[in-house]
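**Q** Structure incoming, see below.
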Amino acid sequence: MARLNEANEQLARAIIARYPEPRSALIPLCHLAQEQDGWLDEDAMAHVAELIGCTPAQVLGTASFYEMFKLHPVGKYCINVCTNISCQLLGGEELLEHAESRLGVRSGGTTPDGMFTLEDVECVAACTEAPAVQVNYRYFHRVGIEDFDALIDALLAGELDDVVPPHGTLAKVRQDLAADRIANITAPEDQEMPVWIARAEASAGEGAAT
Amino acid sequence: MAEETPKPVELTDPVEITVDGETVVAQGGDLLIDACERAGTYIPRFCYHPRMRPVGMCRMCLVEVDTGRGPALQPSCMLPVTEGMTVDTRSDTVAKVQDGVLEFLLANHPLDCPVCDKGGECPLQDQTYAYGPGESRYVEEKRHYEKPIAISETVYLDRERCILCDRCTRFADEVAGDPLIHFIDRGSSTQVNTFPDEPFSSYFSGNTVQICPVGALTAKPYRFKARPWDLTEVESTCTRCSVGCRITIESSQDQILRFQGVDSDAVNWGWMCDKGRFGFEAMNSENRLLAPMMRGEDGELTEVRWSDALSGVTSELRRALDGRGPSSVALIGGSRSTNEGAEAWARLAKSVIGTDNCDAQLGDGLPAEAALGLPGLTIDEVCAPGSTVLWMGPDPLETLPVLQIRLRHAVLNDGVRIVEVGPARTGLRSLVAARVPAAPGRLADVVGGLLGGDVADEFAQASEILRSAGDDLRVVVGRANLAESPDTVLAAVGAVRSALPAARFLVALGRGNVRGALEAGLAPGLLPGGIPLSSGELPQGWESIPAEEGHDTTGILSAAAAGRIDVLVLLGADPLTDFPDRSLARRALAAARCVVAVTPLLDASAAGAHIVLPAAGFGEVDGTTTNLEGRVTPVSAKVTIPGTARADRSIAGALASRLGATDSWDSPEDLPGAAESATDGDGPASGPDGDLLVGIDRELPIPSVGDLEVPPTDAYSLRLVVARKLYDRGTMLVESPSSAALAPGSVALLNPADAAPLGVEEGSRIRLISASGSISIPTVPDESVPKGSVLVHHDLEGADPRELVDISDVVCDVRVEVA
C-alpha cells in the first residue's frame with residue numbers, strides 16, 4: 001500500500017483536470033491517498049508530486065501543515081476528544097482520561113489491534129453539544145463516560161459501519177460528476193465576467209459620468 | 001558576511017519621502033527598506049534579500065510609517081515607497097518592537113554561538129547586539145532536534161538554530177528552481193527539511209549557506225575550519241567556467257577555506273554554483289605537484305630541480321627547432337590560465353619559438369575567429385526584459401550554471417522568451433517558450449527553416465516567436481554535442497546570419513578563461529587582441545610572428561599522431577580526459593617525442609608526460625580573466641604557491657630567456673596585455689562588474705562551411721550525442737572531496753520508441769558500436785531524447801563515449817546491440 005492504485009490514479013487525473021493549475025489538486029489528491037491507505041504514506045506523497053508536477057518536499061510541506069493528514073499509520077477509527085473550554089467545563093478532560101484507560105493508550109497512541117487512535121483536539125465547533133467526540137470526523141454529542149463505552153462497543157461490534165466509514169473517507173458521497181454534467185469549468189482568464197460584476201461596474205461608470 | 005547593499009537606481013518616478021526627519025528623493029515603487037538604505041539608513045532585517053522576493057517573514061524590519069493616517073508599524077520590506085510617506089526608523093515604538101521581535105526569535109534559538117560557524121559574522125548575533133534585549137524572559141526548554149542533518153552532500157542543517165526566515169527555501173524555489181527543501185509541520189514545530197531520502201541535491205545548494213542569517217545551514221568543507229575573525233579575504237573571479245562569477249577568496253593560515261559570491265549586477269548577482277564554490281578543495285589537495293618531474297631512464301617520473309627541468313624543456317625545444325623547425329612544436333591549453341599567463345605563453349610560442357600550433361580549446365569549442373569575431377552580446381543583453389533568445393548552445397545548467405540562474409530569472413520575471421534548438425533537452429526545460437529538436441548534423445537546416453517560416457505545424461509557434469524578434473534576435477551559440485563537428489554549428493551560425501544579418505551572438509564556450517586565452521593569441525592564426533596572423537602586424541614587445549599558420553587542437557593531435565610533433569606542451573590541458581576523440585588523443589600523446597605538462601595536479605595526460613612542471617593554481621596568482629561575454633575582471637592571489645610550483649607566466653618567462661629572448665618579461669609591467677589596453681574603462685577591470693572588451697565587432701573572417709555533407713542516417717544506427725555534466729571525473733573535481741562523489745554513473749539515454757524495438761528497458765545493458773570502438777552501457781529510456789539519437793554524457797564513471805567518436809567525422813553514428 002503505497003502509491004495510488006490504478007483506479008485512484010485515474011481518479012487523480014480526473015481531479016487534476018478540474019483545475020487550471022495541476023498543483024491546485026495537491027490537497028484533494030492527498031485526501032485521495034489517505035482514503036486509500038488510511039494515512040499518507042511517503043510513496044503516496046511522491047506519487048502525488050509526480051502527478052501534479054512538483055517536488056515531494058512541496059507535498060510534504062503542505063501535507064504536514066494540516067492535522068487531518070496523518071503521516072503515520074492510524075487505527076481504523078480515529079477518535080478525537082475535545083478538551084477545549086466548553087467541553088472541558090462539561091467533563092472533556094475526564095472523558096479523555098477515561099478514554100485513555102478504556103483503550104489502554106495515551107492520547108496520540110494507537111491500540112495494538114489497530115482499531116483506534118486516540119487524540120485530544122482543540123475546539124471542533126460543537127460547543128452547544130459538549131462534551132463532543134469525533135470518530136473519523138463524525139460527531140457524537142454530549143458524550144458521557146457510559147456513552148463513550150457504548151460507542152466503543154458499538155464500533156467494535158460494527159454496528160456503526162453505516163455512520164462511520166473507515167479513516168480517510170471524508171465525504172459519504174464523492175462528487176464524481178459525469179464529464180457532460182460538469183458546469184463551465186474553464187481557466188480563470190477564460191471566464192466570462194459574472195453578470196453582477198459587470199452590472200456593478202457599469203453603474204459605477206455611470207456614477208462617475210454624472 | 002557582507003550583505004549586498006542595494007545599487008543606486010535610476011529615478012524614473014521620483015517621490016519625496018521623509019526618513020527620520022530628513023527629506024529624501026526615492027524611486028516610486030521601490031521597497032521602503034531599499035530606499036532607506038540608499039538614503040543611508042539601514043533597517044535591520046533577516047528574511048529580506050535584495051535578489052529575492054520579499055515575504056515579510058521575520059518582522060525585524062518593522063518601522064513606523066505615516067501615509068497621512070497617523071503612524072503605523074509596517075514591514076519595510078513589503079512596502080513600496082509612495083509620495084509623502086513619513087518614516088520613523090528610530091522611534092521608541094520601533095525600538096521596542098525590534099527588541100520584542102528579537103526576544104521572540106531567540107525564544108528557541110540556542111545560544112551556542114561559541115561553537116557555531118556563523119558566530120562572528122552572524123546577522124542574528126550582530127542585530128541582537130545592536131537592537132535586542134539584554135536578556136530573555138523565557139525560561140522554558142528550547143526546541144531540540146537531531147543535529148546536524150546532512151540535507152545534501154555538502155550542506156548541513158542544524159534545525160534548532162533556524163529562525164524560519166524562508167531565505168533558503170525561497171532561494172531553492174525561486175532562484176535555483178530546485179524546491180527540494182521546504183517548511184515542514186506547523187506552528188512551533190515548523191522546520192526546514194527535505195523529503196525523506198530525497199536530498200537537496202541542487203547545483204546551487206551552497207548559496208543557501210551564504211544567505212542563511214543564522215548558523216542553521218553550514219557547508220561541510222568549511223564546518224569548524226575557522227572563525228570568521230581569523231579569515232582574511234580578497235575579491236577575485238571564479239574561473240571554473242566562463243561565466244566569471246565574482247567571488248571573495250577567504251583564507252586563514254595561508255590556506256583557502258571558502259569562496260563566497262559577490263553581487264555583481266552584470267554577472268552573478270551574488271550567486272555561485274557548488275562546483276565553483278567548493279572548487280578550492282582541489283587547490284588544497286595533498287596531490288598538488290610541488291616539484292618538477294622528468295621521466296628517468298627507468299621510465300618513471302622522478303622529481304628534479306627546476307633548472308634541470310627547464311634545461312630539459314629547452315634542449316627538447318632546441319632539438320625540435322634545429323630539426324624540423326618551429327611547426328614541430330605545439331601548445332594545447334591555457335584556458336585555466338590568467339590573461340597574462342596566456343599572453344606569456346602565446347608570446348613564448350609564437351614570438352620566441354615561432355610556432356602557430358597553439359589552441360586553448362580542446363576540440364569542444366568553436367573556431368577562435370567565430371568566438372571572437374561574431375558581433376557580441378553580454379549576459380545582460382541576453383537576459384534583458386522582453387528579449388527573444390535562440391538557444392543553440394550547450395546545456396547552461398550543466399556547463400554555465402549561473403547563466404542558467406540568470407536565464408531563469410529573465411524568463412520568469414522579465415518576459416524573456418527562449419527557443420531552444422538542439423539535439424537534446426537542456427536544463428532550461430520548462431523555461432523555454434518552445435523546443436525544437438535538431439538531430440546531430442541538422443542544426444543549420446532546422447534553424448534556417450525556423451527563421452524562414454518553413455516548418456512543420458508543431459514548430460510553427462517556435463518559428464513565429466523567432467521571426468517576431470526580427471533583427472533583434474539574440475543568439476546563444478556553442479557546442480551542445482561533442483560528437484558532432486563544430487562545422488554543423490558554424491553552418492547554423494551562417495543560416496542565422498543570412499536570414500538576419502544584424503543578429504548578435506553570445507558564444508557559450510565553457511572553459512574558464514577560454515575567451516581570455518583566445519584573446520591572448522592562444523589560437524591558430526590569431527595574434528593577441530584577435531588580430532589575424534595574416535595581417536603581419538607585430539604585437540607590442542614581440543620579436544617575430546610565426547611564418548606559417550598552425551593547427552587547432554584536432555590538427556595538432558592529428559599531426560602528433562602522425563609523428564610530426566616533437567614537443568607538445570600541455571598548458572593545464574588534459575586531452576586524454578577532455579578531448580572528444582579518445583583514440584586520437586591517446587595516439588597523439590604516445591607518438592609525440594616529448595610531452596611537457598604544465599599543471600598544478602597530475603592529470604591523466606600529465607601522468608604520461610616526459611616533463612612535468614608544477615604550476616600555481618587558482619587563488620595563487622594575480623592577474624585578470626575574461627568571461628564568455630568578454631568581461632575582464634581581476635583574479636587575485638590569496639595564498640602562497642605550494643612547494644616550488646611557479647606561476648605559469650613565470651615558467652614561460654624562464655623558458656623564453658633560456659631560449660635567448662632578449663627582454664625579461666616576468667613582471668606584469670613587461671606584459672602590456674591586449675586585454676587590458678582594449679577595455680572601455682580606465683584600466684584593467686575597475687568596478688565590481690569589470691570592463692567589457694570593446695571592439696566587439698571585429699573584422700574577423702568567420703569560417704564558412706559551404707554545403708555541409710552530413711551522411712544520411714541508416715535505419716539500423718542511432719546518432720550519438722555527447723553532452724557534458726557539471727560533475728564529471730575531471731581532475732579538479734576528483735581532487736575536491738565534497739564534489740568527487742557527485743558525478744553520476746554513465747548511462748545511455750534513448751527515446752522509448754528506439755528502445756522498444758530492441759526490447760530494452762531501464763537498466764538493461766546495450767552495446768554501442770561505431771567505426772572507432774564500442775562500449776557497453778546501461779540504458780535509460782528518456783522521452784526528451786529525439787528519436788534516432790542516443791545521448792551519453794562525457795567523462796562519467798563507467799562507459800566512455802569518447803571511445804566511439806572519430807573527430808574527423810561530421811556526426812557519429814552508432815549501432816546498438818543488446819549486450
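Going by the C-alpha cells order, chains are called A, B, ..., each with residues numbered from 1, while ligands are numbered from 1 in the order shown.
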Would you list, as a ChimeraX atom specification, the residues of range 5-198 of chain A that end up in helix (DSSP H, G or I) under DSSP run on this structure's backbone?
**A** /A:6-16,22-37,42-52,56-63,85-89,92-103,127-129,145-157,179-181,188-190,195-198
**Q** Considering only C-alpha atoms, return as number ranges by chain whatever protein or nucleic-acid residues lie within 8 Å of range 136-152 of chain A, sequence-local ones (same chain, fewer than 2 positions apart) excluded.
**A** A: 77-80, 91, 95, 98-99, 102, 126, 129-134, 154-156, 163-170
**Q** Considering only C-alpha atoms, can you say which of B:Leu31, B:Val25, B:Gln191, B:Leu73 comes closest to chain A?
**A**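 Using only C-alpha atoms, the shortest distance to chain A belongs to B:Gln191.
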**Q** Can you tell me how far CA of His793 in chain B sits from CA of Arg729 in chain B, in Å to one decimal?
**A** 11.2 Å
**Q** Which residues of chain A are close to chain B, meaning at most 6 Å apart when you count only C-alpha atoms, and how do they look as an mmCIF file with N, CA and C atoms, in the first residue's frame?
**A**
```cif
data_model
loop_
_atom_site.group_PDB
_atom_site.id
_atom_site.type_symbol
_atom_site.label_atom_id
_atom_site.label_comp_id
_atom_site.auth_asym_id
_atom_site.auth_seq_id
_atom_site.Cartn_x
_atom_site.Cartn_y
_atom_site.Cartn_z
ATOM 1 N N ALA A 57 9.041 17.274 -1.600
ATOM 2 C CA ALA A 57 9.211 18.152 -0.437
ATOM 3 C C ALA A 57 8.063 19.151 -0.360
ATOM 4 N N GLY A 61 5.510 19.475 2.641
ATOM 5 C CA GLY A 61 5.367 20.775 3.285
ATOM 6 C C GLY A 61 3.911 21.129 3.497
ATOM 7 N N SER A 64 2.072 18.257 5.821
ATOM 8 C CA SER A 64 2.427 18.269 7.243
ATOM 9 C C SER A 64 1.860 19.489 7.955
ATOM 10 N N PHE A 65 1.373 20.468 7.181
ATOM 11 C CA PHE A 65 0.772 21.651 7.787
ATOM 12 C C PHE A 65 -0.568 21.305 8.418
#
```
**Q** Do you know which residues are at most 9 Å from Glu119 in chain A counting only C-alpha atoms, after dropping those on the same chain fewer than 3 positions away, and could you put them as a PyMOL selection string?
**A** chain A and resi 78-82+96+106-109
**Q** A:Pro22, A:Pro73, A:Gly158, A:Gly53: which is nearest Ala2 in chain A, counting only C-alpha atoms?
**A** A:Pro73
**Q** I'd like the interatomic distance between CA of Ile775 in chain B and CA of Val818 in chain B, to a tenth of an Å.
**A** 11.5 Å
**Q** Considering only C-alpha atoms, can you say which of B:Gly510, B:Pro737, B:Gly132, B:Gly119 comes closest to Asp230 in chain B?
**A**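 Of the candidates, the smallest distance to Asp230 in chain B is held by B:Gly119.
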**Q** So the first atom is CA of Asn481 in chain B and the second is CA of Ala723 in chain B; what is the distance between them in Å, to one decimal place?
**A**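 So the answer is 5.4 Å.
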**Q** Would you please work out which residue, of B:Ala107, B:Ile256, B:Val267, B:Val9, is nearest to Cys162 in chain B when using only C-alpha atoms?
**A** B:Ala107
**Q** Can you pull out every residue from range 18-160 of chain A that DSSP, working from the backbone, puts in strand (DSSP E or B), and format the result as a ChimeraX atom specification?
**A** /A:77-82,110,116-121,133-135,138-140
**Q** With only C-alpha atoms as the counted atoms, please give the residues lying no more than 9 Å from Cys123 in chain A, apart from itself and same-chain residues fewer than 6 positions off, as a ChimeraX atom specification.
**A** /A:82-87
**Q** Calculated over only C-alpha atoms, which of the candidates B:Glu146, B:Glu64, B:Glu83, B:Glu817 has the smallest distance to Asp13 in chain B?
**A** B:Glu83
**Q** As a count of residues only, please: the residues near Trp39 in chain A (cut-off 10 Å, only C-alpha atoms, same-chain neighbours under 5 positions excluded).
**A** 17
**Q** Give me the residues within 12 Å of Pro50 in chain B as a list in words, counting only C-alpha atoms and dropping any in the same chain fewer than 2 places off.
**A**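 Those residues are Glu3, Glu4, Thr5, Pro6, Lys7, Asp30, Leu31, Leu32, Ile33, Asp34, Ala35, Glu37, Arg45, Phe46, Cys47, Tyr48, Met52, Arg53, Pro54, Val55, Cys77, Met78, Arg167, Phe171, Ile211, Asp263, Asp265, Trp269 and Gly270 of chain B.
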**Q** Would you output that residue set with C-alpha atoms, as a PDB file, in the first residue's frame?
**A**
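Full text of out_39.pdb as output:
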```pdb
ATOM      1  CA  GLU B   3      25.322  41.702   2.861  1.00  0.00           C
ATOM      2  CA  GLU B   4      24.704  43.009  -0.590  1.00  0.00           C
ATOM      3  CA  THR B   5      23.990  46.704  -0.458  1.00  0.00           C
ATOM      4  CA  PRO B   6      21.387  47.911  -2.902  1.00  0.00           C
ATOM      5  CA  LYS B   7      22.756  49.550  -6.009  1.00  0.00           C
ATOM      6  CA  ASP B  30      10.900  50.822  -4.673  1.00  0.00           C
ATOM      7  CA  LEU B  31      10.731  48.891  -1.434  1.00  0.00           C
ATOM      8  CA  LEU B  32      10.985  51.123   1.590  1.00  0.00           C
ATOM      9  CA  ILE B  33      13.796  49.028   3.092  1.00  0.00           C
ATOM     10  CA  ASP B  34      15.924  49.609  -0.034  1.00  0.00           C
ATOM     11  CA  ALA B  35      15.004  53.266  -0.377  1.00  0.00           C
ATOM     12  CA  GLU B  37      19.286  52.022   2.774  1.00  0.00           C
ATOM     13  CA  ARG B  45      16.321  42.502   8.619  1.00  0.00           C
ATOM     14  CA  PHE B  46      16.706  38.736   8.407  1.00  0.00           C
ATOM     15  CA  CYS B  47      14.361  37.450   5.744  1.00  0.00           C
ATOM     16  CA  TYR B  48      14.668  40.205   3.174  1.00  0.00           C
ATOM     17  CA  MET B  52      14.659  37.569  -3.869  1.00  0.00           C
ATOM     18  CA  ARG B  53      11.002  38.469  -3.492  1.00  0.00           C
ATOM     19  CA  PRO B  54      10.137  39.923  -0.079  1.00  0.00           C
ATOM     20  CA  VAL B  55       7.971  37.820   2.238  1.00  0.00           C
ATOM     21  CA  CYS B  77      10.465  45.075   3.061  1.00  0.00           C
ATOM     22  CA  MET B  78       6.859  44.718   1.910  1.00  0.00           C
ATOM     23  CA  ARG B 167      15.609  32.588   2.664  1.00  0.00           C
ATOM     24  CA  PHE B 171      16.210  30.548  -2.902  1.00  0.00           C
ATOM     25  CA  ILE B 211      22.433  33.680   2.715  1.00  0.00           C
ATOM     26  CA  ASP B 263      26.944  40.592  -6.028  1.00  0.00           C
ATOM     27  CA  ASP B 265      24.957  43.261 -11.352  1.00  0.00           C
ATOM     28  CA  TRP B 269      24.061  38.627  -8.690  1.00  0.00           C
ATOM     29  CA  GLY B 270      25.881  37.159  -5.707  1.00  0.00           C
TER      30      GLY B 270
END
```
**Q** Using only C-alpha atoms, which residues sit within 7 Å of Val214 in chain B once same-chain residues fewer than 5 positions away are excluded, as a list in words?
**A**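 Surrounding residues, per the criterion: Lys118, Cys122, Pro123, Leu124, Arg161 and Cys162 of chain B.
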**Q** Save out the residues we just selected, N, CA and C atoms, as an mmCIF file, in the first residue's frame.
**A**
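See part01.cif below for the written result:
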```cif
data_model
loop_
_atom_site.group_PDB
_atom_site.id
_atom_site.type_symbol
_atom_site.label_atom_id
_atom_site.label_comp_id
_atom_site.auth_asym_id
_atom_site.auth_seq_id
_atom_site.Cartn_x
_atom_site.Cartn_y
_atom_site.Cartn_z
ATOM 1 N N LYS B 118 28.787 30.365 12.319
ATOM 2 C CA LYS B 118 28.356 31.689 11.919
ATOM 3 C C LYS B 118 28.796 32.748 12.942
ATOM 4 N N CYS B 122 27.393 36.733 12.170
ATOM 5 C CA CYS B 122 26.005 36.280 12.196
ATOM 6 C C CYS B 122 25.062 37.468 12.302
ATOM 7 N N PRO B 123 24.181 37.661 11.333
ATOM 8 C CA PRO B 123 23.226 38.769 11.441
ATOM 9 C C PRO B 123 22.395 38.703 12.710
ATOM 10 N N LEU B 124 22.021 37.503 13.163
ATOM 11 C CA LEU B 124 21.211 37.405 14.377
ATOM 12 C C LEU B 124 22.022 37.879 15.586
ATOM 13 N N ARG B 161 18.723 26.010 15.245
ATOM 14 C CA ARG B 161 19.232 27.371 15.078
ATOM 15 C C ARG B 161 18.362 28.205 14.130
ATOM 16 N N CYS B 162 17.507 27.524 13.387
ATOM 17 C CA CYS B 162 16.770 28.184 12.307
ATOM 18 C C CYS B 162 15.750 29.177 12.861
#
```
**Q** Nearest to Ser152 in chain B: which of B:Gly276, B:Gly206, B:Gly376, B:Pro292 is it, counting only C-alpha atoms?
**A**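 For Ser152 in chain B, the nearest of the given residues is B:Gly206.
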